[in-house]
file structure.cif (mmCIF, C-alpha atoms (C1' of nucleotides))
data_target
#
loop_
_atom_site.label_atom_id
_atom_site.label_comp_id
_atom_site.auth_asym_id
_atom_site.auth_seq_id
_atom_site.Cartn_x
_atom_site.Cartn_y
_atom_site.Cartn_z
CA MET A 1 94.01 102.55 67.79
CA ASP A 2 97.14 104.56 68.03
CA ALA A 3 98.46 104.08 71.54
CA PRO A 4 98.44 107.31 73.55
CA THR A 5 101.85 108.89 73.89
CA LEU A 6 100.89 110.57 77.15
CA LEU A 7 99.61 109.14 80.41
CA PRO A 8 96.09 110.35 81.25
CA GLN A 9 96.10 113.77 82.87
CA PRO A 10 93.38 116.17 83.97
CA ASP A 11 92.30 119.33 82.23
CA LEU A 12 93.77 122.06 84.44
CA ASP A 13 90.52 124.01 84.36
CA THR A 14 88.87 121.21 86.32
CA VAL A 15 91.57 121.14 89.00
CA HIS A 16 90.88 122.80 92.34
CA VAL A 17 93.46 125.01 94.04
CA GLU A 18 93.28 122.83 97.12
CA THR A 19 94.36 119.88 95.01
CA VAL A 20 97.43 121.68 93.71
CA LEU A 21 98.29 122.99 97.17
CA ARG A 22 97.96 119.54 98.66
CA ALA A 23 100.22 118.14 95.96
CA LEU A 24 102.86 120.79 96.60
CA ALA A 25 102.65 120.52 100.39
CA ASP A 26 104.62 117.28 100.58
CA PRO A 27 108.41 117.72 100.94
CA VAL A 28 109.26 114.92 98.53
CA ARG A 29 106.84 116.15 95.88
CA LEU A 30 108.05 119.71 96.23
CA ARG A 31 111.60 118.49 95.72
CA ILE A 32 110.49 116.65 92.58
CA VAL A 33 108.78 119.77 91.26
CA ARG A 34 111.83 121.90 91.96
CA ARG A 35 114.03 119.34 90.26
CA LEU A 36 111.78 119.44 87.22
CA THR A 37 112.31 123.18 86.95
CA GLU A 38 115.99 122.45 86.45
CA VAL A 39 116.13 119.33 84.28
CA GLU A 40 112.98 119.94 82.21
CA GLU A 41 112.31 116.19 82.06
CA SER A 42 113.15 113.15 84.16
CA THR A 43 112.12 109.60 85.00
CA CYS A 44 111.37 108.27 88.46
CA THR A 45 114.62 106.33 88.73
CA ALA A 46 116.69 109.26 87.58
CA LEU A 47 115.37 111.50 90.34
CA ASP A 48 117.34 111.30 93.55
CA VAL A 49 114.96 112.47 96.23
CA GLY A 50 115.84 110.14 99.10
CA VAL A 51 112.96 107.65 98.91
CA LYS A 52 112.51 104.31 97.20
CA VAL A 53 111.62 104.23 93.54
CA SER A 54 108.15 102.83 94.17
CA THR A 55 107.51 105.77 96.45
CA VAL A 56 108.75 108.22 93.84
CA SER A 57 106.41 106.62 91.33
CA HIS A 58 103.57 107.02 93.82
CA HIS A 59 104.30 110.71 94.25
CA MET A 60 104.70 111.23 90.53
CA GLY A 61 101.25 109.74 90.05
CA ILE A 62 99.80 112.21 92.51
CA LEU A 63 101.57 115.09 90.78
CA ARG A 64 100.15 113.91 87.48
CA GLU A 65 96.59 113.49 88.77
CA SER A 66 96.85 116.92 90.38
CA GLY A 67 97.76 118.43 87.04
CA LEU A 68 101.31 119.41 87.92
CA VAL A 69 103.28 117.15 85.64
CA SER A 70 102.83 115.57 82.25
CA THR A 71 104.18 112.07 81.71
CA ARG A 72 105.28 110.81 78.33
CA ILE A 73 105.47 107.16 77.34
CA ASP A 74 108.88 106.23 75.97
CA GLY A 75 109.34 102.47 75.84
CA THR A 76 109.52 101.28 79.42
CA ALA A 77 110.47 104.73 80.62
CA ARG A 78 107.97 107.41 81.67
CA PRO A 79 109.75 110.75 81.62
CA SER A 80 107.74 113.52 83.28
CA ARG A 81 107.90 117.26 82.94
CA LEU A 82 106.27 120.24 84.64
CA ARG A 83 103.15 121.66 83.02
CA GLY A 84 104.63 125.09 83.58
CA GLU A 85 102.88 127.08 80.85
CA GLU A 86 99.43 125.72 81.64
CA LEU A 87 99.93 126.09 85.38
CA ARG A 88 100.93 129.72 85.04
CA ARG A 89 97.80 130.37 83.04
CA ARG A 90 95.49 128.50 85.41
CA PHE A 91 97.06 129.72 88.68
CA PRO A 92 99.03 132.88 87.90
CA GLY A 93 101.88 133.41 90.32
CA LEU A 94 101.40 130.22 92.29
CA LEU A 95 104.04 127.92 90.86
CA ASP A 96 106.76 130.53 90.74
CA SER A 97 106.09 131.77 94.26
CA VAL A 98 106.27 128.24 95.65
CA VAL A 99 109.29 127.07 93.70
CA GLY A 100 111.13 130.33 94.24
CA ALA A 101 110.25 130.67 97.93
CA ALA A 102 113.17 131.62 100.14
CA PRO A 103 114.24 128.85 102.52
CA ALA A 104 113.16 129.10 106.13
CA ARG A 105 115.55 130.49 108.69
CA PRO A 106 116.31 127.92 111.44
CA ALA A 107 113.66 128.47 114.13
CA THR A 108 114.11 128.84 117.87
CA MET B 1 104.47 141.56 133.31
CA ASP B 2 101.94 143.07 131.03
CA ALA B 3 99.84 140.26 129.63
CA PRO B 4 100.52 139.67 125.94
CA THR B 5 97.85 141.13 123.71
CA LEU B 6 98.59 138.65 120.95
CA LEU B 7 98.57 134.86 120.97
CA PRO B 8 102.02 133.39 120.31
CA GLN B 9 102.82 133.28 116.60
CA PRO B 10 105.89 132.29 114.61
CA ASP B 11 108.32 134.62 112.91
CA LEU B 12 107.43 134.24 109.24
CA ASP B 13 111.07 133.92 108.28
CA THR B 14 111.22 130.62 110.15
CA VAL B 15 108.16 129.20 108.41
CA HIS B 16 108.62 126.71 105.58
CA VAL B 17 106.66 126.96 102.35
CA GLU B 18 105.44 123.41 102.85
CA THR B 19 103.87 124.51 106.15
CA VAL B 20 101.95 127.33 104.53
CA LEU B 21 100.87 125.13 101.63
CA ARG B 22 99.68 122.44 104.01
CA ALA B 23 97.71 125.01 105.96
CA LEU B 24 96.07 126.36 102.82
CA ALA B 25 95.37 122.92 101.35
CA ASP B 26 92.44 122.21 103.66
CA PRO B 27 89.03 123.33 102.32
CA VAL B 28 87.80 124.68 105.65
CA ARG B 29 91.00 126.60 106.32
CA LEU B 30 91.04 128.04 102.82
CA ARG B 31 87.47 129.22 103.35
CA ILE B 32 88.54 130.86 106.61
CA VAL B 33 91.43 132.60 104.89
CA ARG B 34 89.20 133.82 102.07
CA ARG B 35 86.69 135.08 104.58
CA LEU B 36 89.44 136.98 106.37
CA THR B 37 90.29 138.78 103.15
CA GLU B 38 86.77 140.20 103.23
CA VAL B 39 86.04 140.95 106.89
CA GLU B 40 89.56 141.90 107.96
CA GLU B 41 88.97 140.42 111.41
CA SER B 42 86.71 137.75 112.90
CA THR B 43 86.27 135.34 115.79
CA CYS B 44 85.77 131.60 115.51
CA THR B 45 82.08 131.75 116.37
CA ALA B 46 81.42 134.55 113.90
CA LEU B 47 82.82 132.56 111.00
CA ASP B 48 80.26 130.37 109.29
CA VAL B 49 82.25 127.68 107.56
CA GLY B 50 80.06 124.66 108.08
CA VAL B 51 81.86 122.89 110.91
CA LYS B 52 81.51 122.97 114.69
CA VAL B 53 83.09 125.79 116.63
CA SER B 54 85.64 123.54 118.31
CA THR B 55 86.75 122.46 114.86
CA VAL B 56 87.00 126.04 113.67
CA SER B 57 89.14 126.83 116.71
CA HIS B 58 91.34 123.87 115.83
CA HIS B 59 91.83 125.12 112.29
CA MET B 60 92.43 128.66 113.46
CA GLY B 61 95.18 127.36 115.72
CA ILE B 62 96.83 125.65 112.77
CA LEU B 63 96.56 128.81 110.68
CA ARG B 64 98.17 130.74 113.51
CA GLU B 65 101.01 128.26 114.04
CA SER B 66 101.58 128.23 110.29
CA GLY B 67 102.00 131.99 110.31
CA LEU B 68 98.90 132.81 108.30
CA VAL B 69 96.80 134.61 110.88
CA SER B 70 97.41 136.77 113.89
CA THR B 71 95.09 136.42 116.87
CA ARG B 72 94.39 139.23 119.26
CA ILE B 73 93.18 138.79 122.84
CA ASP B 74 90.05 140.78 123.53
CA GLY B 75 88.33 139.65 126.72
CA THR B 76 87.02 136.18 126.07
CA ALA B 77 87.06 136.76 122.35
CA ARG B 78 90.05 136.00 120.11
CA PRO B 79 89.55 137.88 116.86
CA SER B 80 91.98 136.81 114.15
CA ARG B 81 93.17 138.53 111.03
CA LEU B 82 95.31 137.64 108.03
CA ARG B 83 98.99 138.50 108.22
CA GLY B 84 98.71 139.82 104.70
CA GLU B 85 101.55 142.30 104.59
CA GLU B 86 104.08 139.95 106.15
CA LEU B 87 102.95 137.03 104.02
CA ARG B 88 103.35 139.03 100.83
CA ARG B 89 106.87 139.93 101.85
CA ARG B 90 107.80 136.40 102.86
CA PHE B 91 106.10 134.58 99.97
CA PRO B 92 105.53 137.09 97.19
CA GLY B 93 102.59 136.17 95.01
CA LEU B 94 101.52 133.12 96.96
CA LEU B 95 98.61 134.39 99.04
CA ASP B 96 97.05 136.41 96.26
CA SER B 97 97.34 133.60 93.72
CA VAL B 98 95.69 131.14 96.09
CA VAL B 99 92.93 133.42 97.34
CA GLY B 100 92.23 134.77 93.90
CA ALA B 101 92.37 131.45 92.08
CA ALA B 102 89.56 130.87 89.63
CA PRO B 103 87.13 128.14 90.67
CA ALA B 104 87.43 124.76 89.02
CA ARG B 105 85.17 123.90 86.17
CA PRO B 106 83.02 120.83 86.94
CA ALA B 107 85.04 117.84 85.80
CA THR B 108 83.93 115.00 83.55
"C1'" DC C 1 112.62 83.07 73.28
"C1'" DG C 2 115.01 84.37 77.60
"C1'" DA C 3 117.19 87.87 80.47
"C1'" DA C 4 117.45 92.37 82.13
"C1'" DT C 5 115.39 96.76 83.24
"C1'" DA C 6 111.80 100.54 84.12
"C1'" DT C 7 107.59 101.34 86.00
"C1'" DT C 8 103.56 100.54 88.41
"C1'" DA C 9 99.99 97.80 91.05
"C1'" DC C 10 99.10 95.81 95.38
"C1'" DG C 11 99.06 95.02 100.15
"C1'" DA C 12 100.56 96.27 104.65
"C1'" DC C 13 101.84 99.20 108.32
"C1'" DG C 14 102.30 103.25 111.10
"C1'" DG C 15 101.49 107.92 111.75
"C1'" DA C 16 99.09 112.18 110.88
"C1'" DC C 17 94.84 114.60 110.91
"C1'" DA C 18 89.86 116.33 110.47
"C1'" DT C 19 85.89 116.06 113.10
"C1'" DC C 20 83.13 115.94 116.99
"C1'" DG C 21 81.36 116.09 121.99
"C1'" DT C 22 82.36 117.34 126.39
"C1'" DA C 23 84.74 119.56 129.95
"C1'" DA C 24 87.60 123.21 131.62
"C1'" DT C 25 88.96 128.05 131.69
"C1'" DA C 26 88.27 132.88 131.65
"C1'" DG C 27 86.17 137.03 131.19
"C1'" DA C 28 81.57 139.72 131.07
"C1'" DA C 29 77.15 140.77 132.90
"C1'" DG C 30 73.50 140.60 136.18
"C1'" DC D 1 78.95 135.85 143.67
"C1'" DT D 2 76.42 133.55 140.07
"C1'" DT D 3 75.37 132.97 135.46
"C1'" DC D 4 76.27 133.27 130.83
"C1'" DT D 5 79.24 133.24 126.85
"C1'" DA D 6 83.53 132.62 124.07
"C1'" DT D 7 87.28 129.85 123.46
"C1'" DT D 8 90.20 126.13 123.93
"C1'" DA D 9 91.95 121.66 125.85
"C1'" DC D 10 91.20 116.87 125.78
"C1'" DG D 11 89.94 112.40 124.37
"C1'" DA D 12 87.93 109.37 120.90
"C1'" DT D 13 87.18 107.88 116.32
"C1'" DG D 14 87.55 107.10 111.59
"C1'" DT D 15 89.98 108.25 107.53
"C1'" DC D 16 93.67 109.58 104.69
"C1'" DC D 17 98.35 109.11 103.33
"C1'" DG D 18 103.54 108.36 103.10
"C1'" DT D 19 106.58 104.59 103.00
"C1'" DC D 20 108.17 100.25 101.83
"C1'" DG D 21 108.71 95.41 99.81
"C1'" DT D 22 107.21 92.44 96.50
"C1'" DA D 23 104.89 91.03 92.46
"C1'" DA D 24 103.19 91.97 87.91
"C1'" DT D 25 103.57 94.21 83.38
"C1'" DA D 26 105.93 95.89 79.50
"C1'" DT D 27 109.76 96.81 76.64
"C1'" DT D 28 114.46 96.39 75.08
"C1'" DC D 29 118.41 93.58 74.13
"C1'" DG D 30 121.10 89.45 73.10
#

call {"tool": "encode", "arguments": {"input": "structure.cif", "output": "structure tokens"}}
result
Amino acid sequence: MDAPTLLPQPDLDTVHVETVLRALADPVRLRIVRRLTEVEESTCTALDVGVKVSTVSHHMGILRESGLVSTRIDGTARPSRLRGEELRRRFPGLLDSVVGAAPARPAT
Amino acid sequence: MDAPTLLPQPDLDTVHVETVLRALADPVRLRIVRRLTEVEESTCTALDVGVKVSTVSHHMGILRESGLVSTRIDGTARPSRLRGEELRRRFPGLLDSVVGAAPARPAT
DNA sequence: CGAATATTACGACGGACATCGTAATAGAAG
DNA sequence: CTTCTATTACGATGTCCGTCGTAATATTCG
């Protein structure tokens, strides 16, 4: 009964595009994803995304269930990282186009 | 004062990625977008996406405001088409990766 | 063991939104 | 002009979801 070292996460082949899009559509979650392209791994408390830690945990759960991040169990900490390789194989071009999208020019 | 031949639509440079993702995240809207990659142009009534016409119109309005489709005024009809070229310039790789995404394998 | 810390579960609250039916508007057709 | 058709505006409704505070759980440390 070796304890799992990873939190349960879906097989990317079973994940719908809509699910991934929905996960990426939230500003906070997109900021988390972008952050994870820079730091490679981070815990909820370490991320500074402007919302309470319980909210960050909530979003991280959604990102995990949507197949975007993988969360490792390390004592009381749960460092997460992007599932970059797998995502690029399942949805070629999606992640990079979203993360690398040019910022919007101020409207009106 | 020549009447505008196009319904008002945003400059794509002012559109945020989150907005586009949110627009694409809805199943009905994604079906509309996919349909518009096949027929090039269509009205709300012509589209058969499984919801009432008033709902289709609602979704089409969101797609327009999000910068995804362009709607032309043709009598009482309002045929819409994908802003493919502009979208590919604004968000390289996004549209094609979403539209061309492989379907999800039945989970569990 | 007891204290401190990281994370999540839970409950609540407010706002956003998908859906529909109906009415209003506008052009086309007779 | 009258009728028909296409589209949208509007109002209503139920659901989903982002946010937070607090409590519970688990692990590390002294």

call {"tool": "atom_distance", "arguments": {"input": "structure.cif", "atom1": "atom CA of B:Thr76", "atom2": "atom CA of B:Val20"}}
result
27.7 Å

call {"tool": "calpha_fit_and_write", "arguments": {"input": "structure.cif", "fixed": "chain A", "moving": "chain B", "output": "CSV table (one decimal) with C-alpha atoms, in the coordinates of the input"}}
result
chain,number,residue,atom,x,y,z
B,1,MET,CA,93.9,103.0,67.7
B,2,ASP,CA,97.2,104.7,68.0
B,3,ALA,CA,98.4,104.1,71.5
B,4,PRO,CA,98.4,107.3,73.6
B,5,THR,CA,101.8,108.9,73.9
B,6,LEU,CA,100.9,110.6,77.2
B,7,LEU,CA,99.6,109.1,80.4
B,8,PRO,CA,96.1,110.3,81.2
B,9,GLN,CA,96.1,113.8,82.9
B,10,PRO,CA,93.4,116.1,84.0
B,11,ASP,CA,92.3,119.3,82.2
B,12,LEU,CA,93.8,122.0,84.4
B,13,ASP,CA,90.5,124.0,84.4
B,14,THR,CA,88.9,121.2,86.3
B,15,VAL,CA,91.6,121.1,89.0
B,16,HIS,CA,90.9,122.8,92.3
B,17,VAL,CA,93.5,125.0,94.0
B,18,GLU,CA,93.3,122.8,97.1
B,19,THR,CA,94.4,119.9,95.0
B,20,VAL,CA,97.4,121.7,93.7
B,21,LEU,CA,98.3,123.0,97.2
B,22,ARG,CA,98.0,119.5,98.7
B,23,ALA,CA,100.2,118.1,96.0
B,24,LEU,CA,102.9,120.8,96.6
B,25,ALA,CA,102.6,120.5,100.4
B,26,ASP,CA,104.6,117.3,100.6
B,27,PRO,CA,108.4,117.7,101.0
B,28,VAL,CA,109.3,114.9,98.5
B,29,ARG,CA,106.8,116.1,95.9
B,30,LEU,CA,108.0,119.7,96.2
B,31,ARG,CA,111.6,118.5,95.7
B,32,ILE,CA,110.5,116.6,92.6
B,33,VAL,CA,108.8,119.7,91.3
B,34,ARG,CA,111.8,121.9,92.0
B,35,ARG,CA,114.0,119.3,90.3
B,36,LEU,CA,111.8,119.4,87.2
B,37,THR,CA,112.3,123.2,87.0
B,38,GLU,CA,116.0,122.4,86.5
B,39,VAL,CA,116.1,119.3,84.3
B,40,GLU,CA,113.0,119.9,82.2
B,41,GLU,CA,112.3,116.2,82.1
B,42,SER,CA,113.2,113.2,84.2
B,43,THR,CA,112.1,109.6,85.0
B,44,CYS,CA,111.4,108.3,88.5
B,45,THR,CA,114.6,106.3,88.7
B,46,ALA,CA,116.7,109.3,87.6
B,47,LEU,CA,115.4,111.5,90.3
B,48,ASP,CA,117.3,111.3,93.6
B,49,VAL,CA,115.0,112.5,96.3
B,50,GLY,CA,115.8,110.2,99.1
B,51,VAL,CA,113.0,107.7,98.9
B,52,LYS,CA,112.5,104.3,97.2
B,53,VAL,CA,111.6,104.2,93.6
B,54,SER,CA,108.2,102.8,94.2
B,55,THR,CA,107.5,105.8,96.4
B,56,VAL,CA,108.7,108.2,93.9
B,57,SER,CA,106.4,106.6,91.3
B,58,HIS,CA,103.6,107.0,93.8
B,59,HIS,CA,104.3,110.7,94.2
B,60,MET,CA,104.7,111.2,90.5
B,61,GLY,CA,101.3,109.7,90.0
B,62,ILE,CA,99.8,112.2,92.5
B,63,LEU,CA,101.6,115.1,90.8
B,64,ARG,CA,100.1,113.9,87.5
B,65,GLU,CA,96.6,113.5,88.8
B,66,SER,CA,96.9,116.9,90.4
B,67,GLY,CA,97.7,118.4,87.0
B,68,LEU,CA,101.3,119.4,87.9
B,69,VAL,CA,103.3,117.1,85.6
B,70,SER,CA,102.8,115.6,82.3
B,71,THR,CA,104.2,112.1,81.7
B,72,ARG,CA,105.3,110.8,78.3
B,73,ILE,CA,105.5,107.2,77.3
B,74,ASP,CA,108.9,106.2,76.0
B,75,GLY,CA,109.4,102.5,75.8
B,76,THR,CA,109.5,101.3,79.4
B,77,ALA,CA,110.5,104.7,80.6
B,78,ARG,CA,108.0,107.4,81.7
B,79,PRO,CA,109.8,110.7,81.6
B,80,SER,CA,107.7,113.5,83.3
B,81,ARG,CA,107.9,117.2,83.0
B,82,LEU,CA,106.3,120.2,84.6
B,83,ARG,CA,103.2,121.6,83.0
B,84,GLY,CA,104.6,125.1,83.6
B,85,GLU,CA,102.9,127.1,80.9
B,86,GLU,CA,99.4,125.7,81.6
B,87,LEU,CA,99.9,126.1,85.4
B,88,ARG,CA,100.9,129.7,85.0
B,89,ARG,CA,97.8,130.3,83.0
B,90,ARG,CA,95.5,128.5,85.4
B,91,PHE,CA,97.1,129.7,88.7
B,92,PRO,CA,99.0,132.9,87.9
B,93,GLY,CA,101.9,133.4,90.3
B,94,LEU,CA,101.4,130.2,92.3
B,95,LEU,CA,104.1,127.9,90.9
B,96,ASP,CA,106.8,130.5,90.7
B,97,SER,CA,106.1,131.8,94.2
B,98,VAL,CA,106.3,128.2,95.6
B,99,VAL,CA,109.3,127.1,93.7
B,100,GLY,CA,111.1,130.3,94.3
B,101,ALA,CA,110.3,130.7,97.9
B,102,ALA,CA,113.2,131.6,100.1
B,103,PRO,CA,114.2,128.9,102.5
B,104,ALA,CA,113.2,129.2,106.2
B,105,ARG,CA,115.5,130.5,108.7
B,106,PRO,CA,116.3,128.0,111.4
B,107,ALA,CA,113.7,128.5,114.1
B,108,THR,CA,114.2,129.0,117.8

call {"tool": "resolve_selection", "arguments": {"input": "structure.cif", "expression": "the PyMOL selection byres ((chain A) within 12 of (chain C))", "output": "list of chain:residue names"}}
result
A:Thr43, A:Cys44, A:Thr45, A:Ala46, A:Val53, A:Ser54, A:Thr55, A:Val56, A:Ser57, A:His58, A:His59, A:Met60, A:Gly61, A:Ile73, A:Asp74, A:Gly75, A:Thr76, A:Ala77, A:Arg78, A:Pro79

call {"tool": "residues_around", "arguments": {"input": "structure.cif", "residues": "stretch 64-72 of chain B", "least_positions_apart": "6", "cutoff": "8 Å", "atoms": "only C-alpha atoms (C1' of nucleotides)", "output": "PyMOL selection string"}}
result
chain B and resi 5-7+9-12+15+19-20+23+78-84+87

call {"tool": "residues_near_point", "arguments": {"input": "structure.cif", "point": "(85.3, 127.1, 90.2)", "cutoff": "9 Å", "atoms": "only C-alpha atoms (C1' of nucleotides)", "output": "PyMOL selection string"}}
result
(chain A and resi 13-16) or (chain B and resi 101-106)

call {"tool": "resolve_selection", "arguments": {"input": "structure.cif", "expression": "the PyMOL selection byres ((chain D) within 9 of (chain B))", "output": "PyMOL selection string"}}
result
chain D and resi 5-8

call {"tool": "closest_residue", "arguments": {"input": "structure.cif", "among": "A:Ile62, A:Leu94, A:Val33, A:Val99", "to": "chain B", "atoms": "all atoms listed in the file"}}
result
A:Leu94

call {"tool": "closest_residue", "arguments": {"input": "structure.cif", "among": "B:Pro8, B:Glu18, B:Val49, B:Glu41", "to": "chain A", "atoms": "all atoms listed in the file"}}
result
B:Glu18

call {"tool": "closest_residue", "arguments": {"input": "structure.cif", "among": "A:Arg89, A:Arg34, A:Arg29, A:Arg22", "to": "chain B", "atoms": "all atoms listed in the file"}}
result
A:Arg22

call {"tool": "residues_around", "arguments": {"input": "structure.cif", "residues": "B:Ile32", "least_positions_apart": "4", "cutoff": "8 Å", "atoms": "all atoms listed in the file", "output": "ChimeraX atom specification"}}
result
/B:28,36,47,49

call {"tool": "atom_distance", "arguments": {"input": "structure.cif", "atom1": "atom CA of A:Pro92", "atom2": "atom CA of B:Glu40"}}
result
23.9 Å

call {"tool": "decode", "arguments": {"input": "structure.cif", "residues": "stretch 59-106 of chain A", "atoms": "C-alpha atoms", "output": "PDB file, in the first residue's frame"}}
result
ATOM      1  CA  HIS A  59      -8.326  26.957  -8.737  1.00  0.00           C
ATOM      2  CA  MET A  60      -5.405  24.581  -8.559  1.00  0.00           C
ATOM      3  CA  GLY A  61      -7.863  21.747  -8.060  1.00  0.00           C
ATOM      4  CA  ILE A  62      -9.730  22.761 -11.181  1.00  0.00           C
ATOM      5  CA  LEU A  63      -6.490  22.979 -13.151  1.00  0.00           C
ATOM      6  CA  ARG A  64      -5.593  19.509 -11.946  1.00  0.00           C
ATOM      7  CA  GLU A  65      -8.988  17.976 -12.754  1.00  0.00           C
ATOM      8  CA  SER A  66      -8.829  19.632 -16.160  1.00  0.00           C
ATOM      9  CA  GLY A  67      -5.514  17.967 -16.842  1.00  0.00           C
ATOM     10  CA  LEU A  68      -3.412  21.112 -16.889  1.00  0.00           C
ATOM     11  CA  VAL A  69      -1.251  20.602 -13.850  1.00  0.00           C
ATOM     12  CA  SER A  70       0.239  17.693 -11.967  1.00  0.00           C
ATOM     13  CA  THR A  71       0.431  17.901  -8.197  1.00  0.00           C
ATOM     14  CA  ARG A  72       3.054  16.082  -6.181  1.00  0.00           C
ATOM     15  CA  ILE A  73       2.726  15.162  -2.526  1.00  0.00           C
ATOM     16  CA  ASP A  74       5.650  16.412  -0.472  1.00  0.00           C
ATOM     17  CA  GLY A  75       4.891  16.288   3.238  1.00  0.00           C
ATOM     18  CA  THR A  76       2.242  18.903   3.883  1.00  0.00           C
ATOM     19  CA  ALA A  77       3.141  20.733   0.708  1.00  0.00           C
ATOM     20  CA  ARG A  78       1.574  20.027  -2.695  1.00  0.00           C
ATOM     21  CA  PRO A  79       3.834  21.516  -5.342  1.00  0.00           C
ATOM     22  CA  SER A  80       2.222  21.597  -8.782  1.00  0.00           C
ATOM     23  CA  ARG A  81       3.708  21.804 -12.234  1.00  0.00           C
ATOM     24  CA  LEU A  82       2.391  22.192 -15.767  1.00  0.00           C
ATOM     25  CA  ARG A  83       1.812  19.018 -17.764  1.00  0.00           C
ATOM     26  CA  GLY A  84       3.495  20.742 -20.675  1.00  0.00           C
ATOM     27  CA  GLU A  85       4.754  17.752 -22.644  1.00  0.00           C
ATOM     28  CA  GLU A  86       1.486  15.852 -22.455  1.00  0.00           C
ATOM     29  CA  LEU A  87      -0.576  18.934 -23.224  1.00  0.00           C
ATOM     30  CA  ARG A  88       1.448  19.700 -26.330  1.00  0.00           C
ATOM     31  CA  ARG A  89       0.884  16.173 -27.537  1.00  0.00           C
ATOM     32  CA  ARG A  90      -2.841  16.149 -26.773  1.00  0.00           C
ATOM     33  CA  PHE A  91      -3.606  19.706 -27.972  1.00  0.00           C
ATOM     34  CA  PRO A  92      -0.780  20.769 -30.285  1.00  0.00           C
ATOM     35  CA  GLY A  93      -0.323  24.523 -30.340  1.00  0.00           C
ATOM     36  CA  LEU A  94      -2.954  25.333 -27.744  1.00  0.00           C
ATOM     37  CA  LEU A  95      -0.925  25.889 -24.601  1.00  0.00           C
ATOM     38  CA  ASP A  96       1.797  27.892 -26.286  1.00  0.00           C
ATOM     39  CA  SER A  97      -0.634  30.099 -28.171  1.00  0.00           C
ATOM     40  CA  VAL A  98      -2.536  30.909 -24.991  1.00  0.00           C
ATOM     41  CA  VAL A  99       0.447  31.447 -22.730  1.00  0.00           C
ATOM     42  CA  GLY A 100       2.319  33.392 -25.371  1.00  0.00           C
ATOM     43  CA  ALA A 101      -0.637  35.500 -26.498  1.00  0.00           C
ATOM     44  CA  ALA A 102       0.133  39.181 -26.897  1.00  0.00           C
ATOM     45  CA  PRO A 103      -1.593  41.385 -24.316  1.00  0.00           C
ATOM     46  CA  ALA A 104      -4.673  43.297 -25.400  1.00  0.00           C
ATOM     47  CA  ARG A 105      -4.352  46.903 -26.419  1.00  0.00           C
ATOM     48  CA  PRO A 106      -6.480  49.188 -24.182  1.00  0.00           C
TER      49      PRO A 106
END
